[in-house]
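Okay, start.txt now, which holds compact mmCIF, C-alpha atoms:
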```txt
# COMPACT_ATOMS: atom_id res chain seq x y z
CA MET A 1 -7.30 -223.25 80.63
CA LYS A 2 -5.39 -220.74 78.56
CA ARG A 3 -6.32 -217.95 81.00
CA TRP A 4 -5.00 -219.95 83.94
CA ARG A 5 -1.74 -220.58 82.09
CA VAL A 6 -1.35 -216.87 81.43
CA LEU A 7 -2.04 -216.09 85.08
CA LEU A 8 0.48 -218.66 86.22
CA VAL A 9 3.09 -217.02 84.00
CA ILE A 10 2.25 -213.44 85.06
CA LEU A 11 1.60 -214.00 88.77
CA PRO A 12 5.23 -214.62 89.88
CA SER A 13 6.41 -211.49 88.05
CA PHE A 14 3.58 -209.45 89.54
CA LEU A 15 4.36 -210.65 93.06
CA TRP A 16 8.05 -209.85 92.56
CA LEU A 17 7.28 -206.33 91.34
CA LEU A 18 4.87 -205.83 94.23
CA SER A 19 7.42 -206.95 96.81
CA THR A 20 10.13 -204.81 95.20
CA GLY A 21 7.86 -201.76 95.28
CA TRP A 22 7.09 -202.27 98.96
CA ALA A 23 10.78 -202.71 99.70
CA GLN A 24 11.61 -199.44 97.94
CA LYS A 25 8.74 -197.72 99.73
CA GLY A 26 9.96 -199.04 103.05
CA ALA A 27 13.50 -197.82 102.34
CA SER A 28 12.27 -194.31 101.50
CA VAL A 29 10.05 -194.20 104.58
CA GLY A 30 13.05 -195.08 106.75
CA ALA A 31 15.29 -192.39 105.25
CA THR A 32 16.13 -189.22 107.19
CA VAL A 33 13.85 -186.28 106.34
CA THR A 34 15.20 -182.73 106.26
CA VAL A 35 13.14 -179.61 105.58
CA ILE A 36 14.85 -176.36 104.56
CA ARG A 37 13.03 -173.06 104.52
CA ALA A 38 14.62 -170.71 101.97
CA GLY A 39 14.05 -166.98 102.16
CA VAL A 40 15.00 -166.72 98.47
CA LEU A 41 15.55 -169.67 96.15
CA ILE A 42 17.66 -169.61 92.99
CA ASP A 43 16.98 -173.10 91.67
CA GLY A 44 19.69 -173.25 88.97
CA VAL A 45 17.29 -173.35 86.01
CA SER A 46 14.61 -170.66 86.36
CA GLY A 47 15.31 -167.18 85.06
CA SER A 48 14.17 -165.56 88.31
CA ALA A 49 14.37 -166.20 92.03
CA ARG A 50 11.41 -167.35 94.15
CA ARG A 51 10.69 -166.21 97.70
CA ASP A 52 9.73 -168.24 100.75
CA GLN A 53 10.24 -171.78 99.48
CA VAL A 54 10.31 -175.04 101.41
CA ILE A 55 12.63 -177.80 100.25
CA THR A 56 11.96 -181.33 101.46
CA ILE A 57 14.80 -183.85 101.38
CA ARG A 58 14.52 -187.57 102.03
CA GLY A 59 17.90 -189.19 102.51
CA ASN A 60 20.15 -187.65 99.86
CA VAL A 61 17.44 -186.70 97.35
CA ILE A 62 15.20 -183.65 97.07
CA THR A 63 11.59 -184.85 97.02
CA ASP A 64 9.61 -181.60 96.99
CA VAL A 65 9.96 -177.84 96.51
CA ALA A 66 6.90 -175.78 97.42
CA ASP A 67 5.74 -172.34 98.51
CA GLY A 68 6.32 -171.77 102.19
CA GLY A 69 2.86 -170.76 103.31
CA ALA A 70 2.44 -171.85 106.90
CA ALA A 71 5.26 -174.41 106.77
CA GLY A 72 7.74 -174.30 109.59
CA ALA A 73 9.24 -176.14 112.50
CA SER A 74 5.84 -176.62 114.15
CA ASN A 75 4.31 -178.85 111.44
CA LEU A 76 7.20 -180.99 110.28
CA PRO A 77 6.93 -184.68 109.45
CA VAL A 78 7.63 -186.78 112.55
CA GLY A 79 11.38 -187.08 113.12
CA ALA A 80 12.26 -184.50 110.46
CA THR A 81 15.06 -181.97 110.86
CA PHE A 82 14.19 -178.33 110.16
CA ILE A 83 16.81 -175.87 108.88
CA ASP A 84 15.75 -172.23 108.85
CA LEU A 85 17.41 -170.34 105.99
CA SER A 86 14.57 -167.83 105.75
CA GLN A 87 17.05 -164.94 105.93
CA ALA A 88 19.33 -166.36 103.23
CA THR A 89 19.50 -166.98 99.49
CA VAL A 90 19.59 -170.70 98.72
CA LEU A 91 21.15 -172.20 95.59
CA PRO A 92 22.14 -175.61 94.25
CA GLY A 93 25.60 -176.83 95.18
CA LEU A 94 28.12 -175.12 92.88
CA ILE A 95 30.16 -176.95 90.23
CA ASP A 96 33.69 -176.04 89.14
CA ALA A 97 34.29 -177.83 85.85
CA HIS A 98 38.06 -177.23 85.66
CA THR A 99 40.24 -177.79 88.71
CA HIS A 100 43.61 -179.31 89.64
CA ILE A 101 43.50 -180.70 93.16
CA PHE A 102 47.12 -181.89 92.89
CA LEU A 103 48.47 -178.40 92.08
CA GLN A 104 49.06 -175.68 94.65
CA GLY A 105 49.65 -172.51 92.64
CA GLU A 106 53.09 -173.38 91.29
CA ASP A 107 54.82 -170.77 93.47
CA PRO A 108 58.36 -170.14 92.12
CA ALA A 109 59.54 -169.40 95.65
CA GLU A 110 58.59 -172.98 96.60
CA GLY A 111 60.21 -174.60 93.57
CA GLY A 112 57.51 -173.99 90.97
CA TYR A 113 55.98 -176.76 88.92
CA ASP A 114 59.07 -178.95 88.63
CA VAL A 115 59.64 -179.52 92.34
CA GLN A 116 56.28 -181.26 92.68
CA LEU A 117 57.37 -184.00 90.29
CA LEU A 118 61.03 -184.16 91.31
CA LYS A 119 60.96 -183.86 95.10
CA TYR A 120 57.44 -184.31 96.46
CA SER A 121 56.23 -187.83 97.12
CA LEU A 122 52.83 -188.95 95.90
CA ALA A 123 51.77 -189.37 99.52
CA PHE A 124 52.66 -185.75 100.28
CA ARG A 125 50.85 -184.52 97.18
CA ALA A 126 47.79 -186.60 98.03
CA ALA A 127 47.73 -185.13 101.54
CA ARG A 128 47.72 -181.63 100.08
CA ALA A 129 45.00 -182.64 97.59
CA THR A 130 42.92 -183.74 100.56
CA VAL A 131 43.15 -180.18 101.90
CA SER A 132 42.26 -178.78 98.47
CA VAL A 133 39.01 -180.73 98.15
CA ARG A 134 37.97 -179.72 101.64
CA ARG A 135 38.57 -176.06 100.79
CA ALA A 136 36.41 -176.44 97.69
CA LEU A 137 33.56 -177.92 99.72
CA GLU A 138 33.87 -175.19 102.36
CA GLN A 139 33.30 -172.62 99.58
CA GLY A 140 30.11 -174.30 98.40
CA PHE A 141 31.53 -176.24 95.46
CA THR A 142 29.93 -179.62 95.94
CA THR A 143 31.12 -181.00 92.56
CA LEU A 144 34.44 -180.70 90.73
CA ARG A 145 35.59 -181.90 87.33
CA ASP A 146 39.30 -182.30 88.01
CA MET A 147 41.37 -181.87 84.89
CA GLU A 148 44.37 -184.17 85.55
CA THR A 149 46.86 -184.87 88.29
CA GLU A 150 50.01 -183.20 86.89
CA GLY A 151 52.34 -186.14 87.37
CA ALA A 152 50.51 -187.70 90.32
CA GLY A 153 49.27 -190.60 88.23
CA TYR A 154 45.89 -191.94 89.30
CA GLY A 155 45.90 -190.09 92.60
CA ASP A 156 42.62 -188.35 91.78
CA VAL A 157 40.90 -191.75 91.61
CA GLY A 158 42.16 -192.45 95.12
CA ILE A 159 40.93 -189.10 96.46
CA LYS A 160 37.54 -189.72 94.83
CA MET A 161 37.36 -193.15 96.49
CA ALA A 162 38.24 -191.64 99.88
CA ILE A 163 35.48 -189.03 99.54
CA GLU A 164 32.88 -191.54 98.40
CA GLY A 165 33.88 -193.89 101.20
CA GLY A 166 33.38 -191.15 103.80
CA TYR A 167 37.03 -191.10 104.89
CA ILE A 168 37.58 -187.44 103.98
CA PRO A 169 35.20 -184.55 103.24
CA GLY A 170 35.09 -183.28 99.70
CA PRO A 171 32.97 -182.59 96.63
CA ARG A 172 31.74 -185.13 94.11
CA LEU A 173 34.68 -185.69 91.78
CA PHE A 174 34.72 -186.33 88.06
CA VAL A 175 38.36 -187.20 87.37
CA SER A 176 40.57 -187.29 84.27
CA THR A 177 43.69 -188.96 85.73
CA ARG A 178 46.95 -188.45 83.81
CA ALA A 179 45.97 -186.41 80.69
CA ILE A 180 47.63 -186.89 77.29
CA SER A 181 50.07 -184.90 75.17
CA THR A 182 52.90 -185.57 72.70
CA THR A 183 56.68 -185.59 72.74
CA GLY A 184 57.74 -181.96 73.15
CA GLY A 185 54.29 -181.07 74.39
CA TYR A 186 54.51 -180.82 78.18
CA PRO A 187 56.86 -180.20 81.12
CA LEU A 188 59.20 -181.14 82.65
CA GLU A 189 61.49 -179.46 80.13
CA GLY A 190 64.89 -177.81 79.84
CA TYR A 191 66.99 -180.56 81.43
CA ALA A 192 70.05 -182.18 79.87
CA PRO A 193 68.90 -184.51 77.05
CA GLU A 194 70.72 -187.49 78.55
CA ILE A 195 68.70 -187.14 81.79
CA GLU A 196 65.31 -188.82 81.82
CA VAL A 197 62.87 -186.65 83.77
CA PRO A 198 59.20 -187.33 84.54
CA LYS A 199 56.45 -185.64 82.56
CA GLY A 200 53.31 -184.12 83.98
CA VAL A 201 51.14 -186.10 81.54
CA GLU A 202 51.15 -189.36 79.58
CA ILE A 203 53.14 -188.87 76.37
CA ILE A 204 51.95 -190.48 73.13
CA ASP A 205 53.03 -190.34 69.48
CA GLY A 206 50.74 -191.73 66.81
CA PRO A 207 47.10 -192.90 66.79
CA VAL A 208 47.90 -196.38 68.14
CA GLU A 209 49.64 -195.01 71.24
CA ALA A 210 46.90 -192.40 71.61
CA ARG A 211 44.15 -195.01 71.67
CA LYS A 212 46.11 -197.21 74.08
CA ALA A 213 46.64 -194.29 76.49
CA ALA A 214 42.93 -193.53 76.48
CA ARG A 215 42.14 -197.18 77.16
CA GLU A 216 44.61 -197.32 80.06
CA GLN A 217 43.23 -194.19 81.68
CA LEU A 218 39.61 -195.23 81.24
CA ASP A 219 40.42 -198.68 82.60
CA HIS A 220 42.00 -197.12 85.68
CA GLY A 221 38.99 -194.96 86.52
CA ALA A 222 39.00 -191.83 84.36
CA ASP A 223 35.56 -190.19 84.06
CA TRP A 224 36.89 -187.83 81.38
CA ILE A 225 39.95 -187.91 79.14
CA LYS A 226 41.98 -184.69 79.11
CA VAL A 227 44.10 -183.89 76.06
CA TYR A 228 46.58 -181.07 75.56
CA MET A 229 46.12 -179.78 72.01
CA THR A 230 48.43 -176.78 72.47
CA HIS A 231 51.56 -176.23 74.54
CA ARG A 232 53.63 -173.08 74.95
CA SER A 233 52.43 -169.78 73.48
CA TRP A 234 54.00 -166.50 72.39
CA VAL A 235 53.19 -163.28 70.52
CA GLY A 236 53.67 -163.55 66.75
CA LYS A 237 55.06 -161.04 64.29
CA ASN A 238 51.71 -159.33 63.88
CA GLY A 239 50.94 -159.17 67.59
CA GLU A 240 48.71 -162.24 67.54
CA LEU A 241 48.77 -165.04 70.11
CA VAL A 242 50.55 -168.09 68.70
CA SER A 243 50.31 -171.52 70.34
CA GLN A 244 52.36 -174.63 69.60
CA PRO A 245 50.06 -177.44 68.37
CA THR A 246 50.58 -180.92 69.79
CA LEU A 247 48.39 -183.88 68.78
CA THR A 248 47.41 -184.40 65.16
CA VAL A 249 43.76 -184.70 64.19
CA GLU A 250 44.28 -188.44 63.62
CA GLU A 251 45.73 -188.91 67.12
CA LEU A 252 42.86 -187.00 68.71
CA ARG A 253 40.24 -188.86 66.70
CA ALA A 254 41.59 -192.16 68.00
CA ILE A 255 41.23 -190.88 71.58
CA VAL A 256 37.75 -189.46 70.98
CA ASP A 257 36.55 -192.62 69.24
CA GLU A 258 37.79 -194.82 72.08
CA THR A 259 36.47 -192.56 74.83
CA HIS A 260 33.05 -192.14 73.26
CA GLY A 261 32.89 -195.90 72.90
CA TRP A 262 33.14 -196.11 76.69
CA GLY A 263 30.28 -193.61 76.97
CA LYS A 264 32.58 -190.85 78.22
CA LYS A 265 33.89 -187.50 76.99
CA VAL A 266 37.08 -185.71 75.97
CA ALA A 267 38.21 -182.27 77.20
CA CYS A 268 40.83 -180.45 75.13
CA HIS A 269 43.18 -177.82 76.51
CA ALA A 270 43.51 -175.45 73.55
CA TYR A 271 44.65 -171.84 73.45
CA SER A 272 44.56 -170.76 69.82
CA GLY A 273 45.49 -171.43 66.21
CA GLU A 274 46.13 -174.80 64.62
CA GLY A 275 45.95 -176.77 67.85
CA LEU A 276 42.55 -175.36 68.72
CA GLN A 277 41.30 -176.06 65.19
CA ARG A 278 42.54 -179.65 65.43
CA ALA A 279 40.67 -180.02 68.73
CA LEU A 280 37.42 -179.10 67.02
CA ASP A 281 38.09 -181.16 63.90
CA GLY A 282 38.96 -184.15 66.09
CA GLY A 283 35.57 -184.03 67.81
CA CYS A 284 36.38 -182.95 71.38
CA ASP A 285 33.48 -182.39 73.76
CA SER A 286 34.81 -179.32 75.56
CA ILE A 287 37.40 -176.65 74.82
CA GLU A 288 39.34 -175.69 77.93
CA HIS A 289 40.45 -172.04 78.01
CA GLY A 290 39.88 -171.17 74.30
CA LEU A 291 41.85 -167.94 74.50
CA ALA A 292 41.60 -166.97 70.84
CA LEU A 293 38.42 -168.25 69.19
CA THR A 294 37.82 -167.17 65.61
CA ASP A 295 34.33 -166.63 64.22
CA SER A 296 34.61 -169.85 62.23
CA MET A 297 35.68 -171.78 65.33
CA ILE A 298 32.69 -170.45 67.26
CA ALA A 299 30.39 -171.45 64.40
CA GLN A 300 31.91 -174.95 64.44
CA MET A 301 31.42 -175.20 68.21
CA LEU A 302 27.75 -174.34 67.75
CA ARG A 303 27.32 -176.94 65.01
CA GLN A 304 29.05 -179.67 67.01
CA GLY A 305 27.62 -178.76 70.43
CA THR A 306 31.10 -178.20 71.86
CA TRP A 307 31.30 -176.69 75.33
CA LEU A 308 33.59 -173.85 76.41
CA CYS A 309 35.17 -173.85 79.86
CA ALA A 310 36.98 -170.53 79.73
CA THR A 311 38.78 -170.26 83.12
CA LEU A 312 39.26 -166.49 82.95
CA SER A 313 40.84 -165.76 86.33
CA PRO A 314 44.34 -167.31 85.99
CA TYR A 315 45.20 -165.10 83.04
CA TYR A 316 45.17 -161.95 85.15
CA GLU A 317 47.79 -163.21 87.60
CA GLY A 318 51.58 -163.09 87.60
CA TRP A 319 52.18 -160.96 84.51
CA ALA A 320 55.81 -160.51 83.56
CA PRO A 321 57.09 -156.96 82.86
CA ALA A 322 55.33 -155.41 79.86
CA ASP A 323 58.51 -154.95 77.81
CA THR A 324 59.49 -158.64 77.90
CA PRO A 325 58.34 -161.38 75.50
CA GLU A 326 56.66 -163.13 78.44
CA GLY A 327 54.89 -159.93 79.47
CA LYS A 328 53.60 -159.32 75.96
CA ARG A 329 52.35 -162.90 75.86
CA ASP A 330 50.59 -162.55 79.23
CA ARG A 331 48.76 -159.41 78.12
CA ALA A 332 47.84 -160.90 74.75
CA ARG A 333 46.36 -163.93 76.48
CA ALA A 334 44.08 -161.81 78.66
CA ALA A 335 43.06 -159.43 75.87
CA GLU A 336 42.24 -162.13 73.32
CA HIS A 337 40.49 -164.21 75.96
CA GLU A 338 38.12 -161.36 76.81
CA THR A 339 37.22 -160.88 73.14
CA SER A 340 36.69 -164.61 72.61
CA PHE A 341 34.49 -164.97 75.69
CA ARG A 342 32.26 -162.07 74.65
CA LYS A 343 31.88 -163.46 71.13
CA ALA A 344 31.17 -167.00 72.31
CA LEU A 345 28.58 -165.76 74.80
CA LYS A 346 26.84 -163.60 72.21
CA ALA A 347 26.76 -166.46 69.72
CA GLY A 348 25.18 -168.86 72.22
CA VAL A 349 28.08 -171.26 72.78
CA LYS A 350 27.44 -173.56 75.75
CA ILE A 351 29.59 -172.22 78.61
CA ALA A 352 30.39 -174.06 81.85
CA PHE A 353 32.00 -172.48 84.91
CA GLY A 354 35.64 -173.39 85.49
CA THR A 355 38.53 -171.71 87.26
CA ASP A 356 41.74 -173.74 86.80
CA ILE A 357 42.12 -173.47 90.59
CA GLY A 358 45.30 -175.27 91.54
CA GLY A 359 47.01 -173.28 88.82
CA MET A 360 46.07 -170.53 91.26
CA LYS A 361 46.55 -171.05 94.97
CA TRP A 362 43.76 -172.96 96.70
CA SER A 363 43.70 -170.21 99.33
CA GLU A 364 42.15 -167.88 96.73
CA PRO A 365 38.35 -167.75 96.40
CA ILE A 366 37.07 -170.07 93.68
CA ALA A 367 34.06 -167.78 93.19
CA GLN A 368 36.29 -164.96 91.91
CA GLU A 369 35.42 -166.28 88.45
CA PHE A 370 31.80 -165.12 88.75
CA PRO A 371 32.43 -161.34 88.65
CA ARG A 372 34.84 -161.79 85.74
CA MET A 373 32.13 -163.58 83.75
CA VAL A 374 29.67 -160.81 84.60
CA GLU A 375 32.17 -158.11 83.60
CA LEU A 376 32.46 -159.79 80.20
CA GLY A 377 28.74 -159.81 79.48
CA MET A 378 26.98 -162.54 81.45
CA THR A 379 24.08 -161.66 83.70
CA PRO A 380 24.54 -162.77 87.32
CA MET A 381 21.86 -165.44 86.75
CA GLN A 382 23.68 -166.77 83.65
CA ALA A 383 26.94 -166.89 85.60
CA MET A 384 25.30 -168.87 88.41
CA GLN A 385 23.62 -171.22 85.94
CA SER A 386 27.01 -171.85 84.31
CA ALA A 387 28.11 -173.27 87.69
CA THR A 388 24.89 -175.18 88.36
CA SER A 389 22.52 -176.57 85.72
CA ARG A 390 24.79 -175.83 82.74
CA ALA A 391 27.83 -177.48 84.30
CA ALA A 392 25.62 -180.42 85.30
CA GLU A 393 24.60 -180.81 81.67
CA LEU A 394 28.27 -180.88 80.64
CA LEU A 395 28.75 -183.71 83.14
CA ASP A 396 25.71 -185.63 81.84
CA MET A 397 24.05 -185.06 85.22
CA LYS A 398 21.14 -182.90 84.07
CA GLY A 399 18.36 -182.95 86.65
CA LYS A 400 20.58 -184.69 89.20
CA LEU A 401 23.12 -181.97 89.99
CA GLY A 402 23.05 -178.18 89.73
CA VAL A 403 19.33 -177.79 90.45
CA ILE A 404 16.97 -177.54 93.42
CA ALA A 405 14.14 -179.73 92.17
CA PRO A 406 12.49 -183.07 92.96
CA GLY A 407 14.72 -185.97 91.98
CA ALA A 408 17.98 -184.03 92.28
CA TYR A 409 20.70 -184.91 94.75
CA ALA A 410 20.49 -182.81 97.91
CA ASP A 411 23.45 -180.53 97.24
CA VAL A 412 22.41 -177.16 98.65
CA VAL A 413 24.29 -173.97 99.51
CA ALA A 414 23.25 -170.59 100.88
CA VAL A 415 24.59 -167.06 101.20
CA SER A 416 23.59 -164.03 103.20
CA GLY A 417 22.51 -161.40 100.71
CA ASP A 418 21.48 -161.22 97.07
CA PRO A 419 23.97 -162.58 94.51
CA LEU A 420 21.77 -161.24 91.71
CA ALA A 421 22.57 -157.74 92.96
CA ASN A 422 26.17 -158.48 93.97
CA ILE A 423 27.69 -161.62 92.47
CA LYS A 424 30.75 -161.33 94.74
CA ILE A 425 28.57 -162.50 97.62
CA LEU A 426 29.19 -166.03 96.32
CA GLU A 427 32.72 -165.74 97.72
CA SER A 428 31.13 -166.01 101.20
CA VAL A 429 29.02 -169.16 101.24
CA GLY A 430 27.68 -169.72 104.75
CA PHE A 431 25.76 -172.99 104.39
CA VAL A 432 26.84 -176.16 102.59
CA MET A 433 24.91 -179.41 102.30
CA LYS A 434 26.25 -182.21 100.14
CA ASP A 435 24.32 -185.40 99.49
CA GLY A 436 21.79 -184.54 102.20
CA LYS A 437 24.41 -184.02 104.91
CA VAL A 438 25.19 -180.59 106.35
CA PHE A 439 28.91 -179.84 106.11
CA LYS A 440 28.83 -176.17 107.10
CA ASN A 441 26.15 -173.99 108.70
CA GLU A 442 26.87 -170.41 109.68
CA LEU A 443 23.47 -169.06 108.61
CA GLY A 444 20.53 -171.22 109.64
CA SER A 445 19.17 -172.51 112.90
CA GLY A 446 18.21 -176.17 112.94
CA ARG A 447 15.97 -178.29 115.13
CA ARG A 448 14.09 -181.57 115.25
```
Represent the structure from my file as structure tokens, please.
Amino acid sequence: MKRWRVLLVILPSFLWLLSTGWAQKGASVGATVTVIRAGVLIDGVSGSARRDQVITIRGNVITDVADGGAAGASNLPVGATFIDLSQATVLPGLIDAHTHIFLQGEDPAEGGYDVQLLKYSLAFRAARATVSVRRALEQGFTTLRDMETEGAGYGDVGIKMAIEGGYIPGPRLFVSTRAISTTGGYPLEGYAPEIEVPKGVEIIDGPVEARKAAREQLDHGADWIKVYMTHRSWVGKNGELVSQPTLTVEELRAIVDETHGWGKKVACHAYSGEGLQRALDGGCDSIEHGLALTDSMIAQMLRQGTWLCATLSPYYEGWAPADTPEGKRDRARAAEHETSFRKALKAGVKIAFGTDIGGMKWSEPIAQEFPRMVELGMTPMQAMQSATSRAAELLDMKGKLGVIAPGAYADVVAVSGDPLANIKILESVGFVMKDGKVFKNELGSGRR
């Protein structure tokens, strides 16, 4: 009798599991199958490329990666689509971990930063952001971590919703909404004190306000919280780069504690000095820019597992004349940044690819960051991994993004040529697939 009672208890659960399994199997069988033949595959993780590989995709997920052998259009699964990239180098979809889709290069001739907040409507800015995300996808960047909207509120959440809903084309977005700084810590600035002007971020003062701001932003859809730990910078008496600190350690700790409680992470804009040290002491998850990293800061980053998203490219643009305070600052930023990047790389700091595009015009190539990273000591493979598997790890998407492997999302790009021999080739991506759907194909023939 006891056995029958046990069976009566177990049988309904078994039948449910069996029916669920068949349902899942039926769903996978009904999904679209795509087969890609890659002449050369850089999978995002391996230290070397592999030749003649066949990638099988079911729906939006990669199910198999195997040697090509006799595979081809003649022996496909029934109903499968074949894409021939046998003359191309295939990579995982690229990830830019520091962008600003609501910025357009801050051209002084068009009013600079201030005009965007004072004269441009949110609808106009959102329309331009829609163009920005499309440009990113066209260049093979299938995922972006967008590092705040610069006064456009929660507009990035709306753009993300539009992409996910299929209304507009664009990369996967990880958004940080409004960002946080302190009084005196962010533009707009320089207006008469009796005039109330908007700020490009949410302003807080004190740990209570800091925690509340983090809660508000998380509640409204932030995937990350962005904090400005330094503001303006200048060259000090001894020629060093000096940066104005903003949040206190106590304010940052309140934000980090709240954000981590939601299972999410905090990115800290930090150039140098006291503000950068506070960012580390407060427990941030990534340092953005990190222009002047001391040896002790690098050691602390290694101990804490802090990421570096260096964004090298913007610091070589728009230098003021060399004999002006601004010009000296611009040159000090670039020089100290190069030294810091080399030291961090040598020490083994975790580095993710990021460009700060938006601070630069979206018409510029996002992939210009790759040769700068290589010039400063990375191998081409390391640079590509920083924009694939390493950036995916930063986003807590290890194995799902930034890799060509079973179980990963079908984000696939391809170029004509060998980026291991010439990293600049990544500025000319000719094939883009995101989530199993081909967005751009200038390289491969396809057939059913």
Which residues come within 12 Å of Gly69 of chain A, counting all atoms listed in the file, excluding same-chain residues fewer than 4 positions away, as a ChimeraX atom specification? /A:37-39,51-54,75
Would you mind listing what lies within 7 Å of Met147 of chain A as an mmCIF file with C-alpha atoms, in the frame of the given file, with only C-alpha atoms counted and same-chain residues fewer than 3 positions away left out?
```cif
data_model
loop_
_atom_site.group_PDB
_atom_site.id
_atom_site.type_symbol
_atom_site.label_atom_id
_atom_site.label_comp_id
_atom_site.auth_asym_id
_atom_site.auth_seq_id
_atom_site.Cartn_x
_atom_site.Cartn_y
_atom_site.Cartn_z
ATOM 1 C CA HIS A 98 38.060 -177.230 85.660
ATOM 2 C CA THR A 99 40.240 -177.790 88.710
ATOM 3 C CA HIS A 100 43.610 -179.310 89.640
ATOM 4 C CA VAL A 175 38.360 -187.200 87.370
ATOM 5 C CA SER A 176 40.570 -187.290 84.270
ATOM 6 C CA LYS A 226 41.980 -184.690 79.110
#
```
Counting all atoms listed in the file, the residue of A:Ala332, A:Ala279, A:Leu426, A:Cys268 that sits nearest Glu369 of chain A: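 When distances to Glu369 of chain A are compared using all atoms listed in the file, the smallest one comes from A:Leu426.
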Atom CA of Leu276 of chain A and atom CA of Ala344 of chain A, how far apart in Å?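 Straight-line distance from atom CA of Ala344 of chain A to atom CA of Leu276 of chain A works out to 14.6 Å.
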Can you measure atom CA of Ala414 of chain A to atom CA of Ser46 of chain A for me? One decimal in Å is fine.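 Pair atom CA of Ala414 of chain A / atom CA of Ser46 of chain A returns 16.9 Å.
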Name the closest residue to Val35 of chain A among the candidates A:Gly354, A:Gly47, A:Gly59, A:Pro193; distances are taken between atoms, counting only C-alpha atoms.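 Closest candidate: A:Gly59.
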Interatomic distance between atom CA of Trp307 of chain A and atom CA of Thr130 of chain A?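 So the answer is 28.7 Å.
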Among listed residues A:Leu41, A:Tyr186, A:Gly236, A:Gly153, nearest Ala88 of chain A (using all atoms listed in the file): A:Leu41
Of the candidates A:Thr324, A:Thr259, A:Thr311, A:Thr81, which shows the shortest atom-to-atom distance to Val235 of chain A, using only C-alpha atoms?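 Closest residue, counting only C-alpha atoms: A:Thr324.
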Please, which residues in segment 269-341 of chain A fall within 8 Å of segment 370-384 of chain A when counting only C-alpha atoms, and what is the closest atom pair and distance in Å to one decimal for each, ordered by chain then residue number, as CSV?
```
residue,atom,partner,partner_atom,distance
A:Leu312,CA,A:Arg372,CA,7.0
A:Ser313,CA,A:Arg372,CA,7.2
A:Glu338,CA,A:Leu376,CA,6.8
A:Phe341,CA,A:Leu376,CA,7.2
```
For Val208 of chain A, which of A:Gly417, A:Leu94, A:Ile255, A:Glu189 is the closest residue, counting all atoms listed in the file?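 Nearest candidate to Val208 of chain A out of A:Gly417, A:Leu94, A:Ile255, A:Glu189: A:Ile255.
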Output segment 319-328 of chain A with N, CA, C and O atoms present, as a PDB file, in the coordinates of the input.
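The new file rebuild-v6.pdb reads:
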```
ATOM      1  N   TRP A 319      51.664-161.465  85.775  1.00  0.00           N
ATOM      2  CA  TRP A 319      52.180-160.960  84.510  1.00  0.00           C
ATOM      3  C   TRP A 319      53.655-160.578  84.628  1.00  0.00           C
ATOM      4  O   TRP A 319      54.072-159.947  85.594  1.00  0.00           O
ATOM      5  N   ALA A 320      54.418-160.953  83.645  1.00  0.00           N
ATOM      6  CA  ALA A 320      55.810-160.510  83.560  1.00  0.00           C
ATOM      7  C   ALA A 320      55.841-159.041  83.128  1.00  0.00           C
ATOM      8  O   ALA A 320      54.833-158.503  82.660  1.00  0.00           O
ATOM      9  N   PRO A 321      56.992-158.370  83.288  1.00  0.00           N
ATOM     10  CA  PRO A 321      57.090-156.960  82.860  1.00  0.00           C
ATOM     11  C   PRO A 321      56.651-156.768  81.412  1.00  0.00           C
ATOM     12  O   PRO A 321      56.902-157.617  80.553  1.00  0.00           O
ATOM     13  N   ALA A 322      55.984-155.644  81.158  1.00  0.00           N
ATOM     14  CA  ALA A 322      55.330-155.410  79.860  1.00  0.00           C
ATOM     15  C   ALA A 322      56.296-155.421  78.689  1.00  0.00           C
ATOM     16  O   ALA A 322      55.903-155.744  77.556  1.00  0.00           O
ATOM     17  N   ASP A 323      57.572-155.060  78.922  1.00  0.00           N
ATOM     18  CA  ASP A 323      58.510-154.950  77.810  1.00  0.00           C
ATOM     19  C   ASP A 323      59.261-156.256  77.518  1.00  0.00           C
ATOM     20  O   ASP A 323      60.201-156.280  76.725  1.00  0.00           O
ATOM     21  N   THR A 324      58.857-157.345  78.146  1.00  0.00           N
ATOM     22  CA  THR A 324      59.490-158.640  77.900  1.00  0.00           C
ATOM     23  C   THR A 324      58.598-159.497  77.011  1.00  0.00           C
ATOM     24  O   THR A 324      57.378-159.285  76.950  1.00  0.00           O
ATOM     25  N   PRO A 325      59.183-160.481  76.309  1.00  0.00           N
ATOM     26  CA  PRO A 325      58.340-161.380  75.500  1.00  0.00           C
ATOM     27  C   PRO A 325      57.268-162.073  76.331  1.00  0.00           C
ATOM     28  O   PRO A 325      56.123-162.233  75.880  1.00  0.00           O
ATOM     29  N   GLU A 326      57.631-162.474  77.566  1.00  0.00           N
ATOM     30  CA  GLU A 326      56.660-163.130  78.440  1.00  0.00           C
ATOM     31  C   GLU A 326      55.541-162.169  78.829  1.00  0.00           C
ATOM     32  O   GLU A 326      54.363-162.563  78.889  1.00  0.00           O
ATOM     33  N   GLY A 327      55.896-160.923  79.097  1.00  0.00           N
ATOM     34  CA  GLY A 327      54.890-159.930  79.470  1.00  0.00           C
ATOM     35  C   GLY A 327      53.931-159.630  78.329  1.00  0.00           C
ATOM     36  O   GLY A 327      52.731-159.466  78.541  1.00  0.00           O
ATOM     37  N   LYS A 328      54.467-159.542  77.123  1.00  0.00           N
ATOM     38  CA  LYS A 328      53.600-159.320  75.960  1.00  0.00           C
ATOM     39  C   LYS A 328      52.656-160.503  75.758  1.00  0.00           C
ATOM     40  O   LYS A 328      51.483-160.337  75.436  1.00  0.00           O
TER      41      LYS A 328
END
```
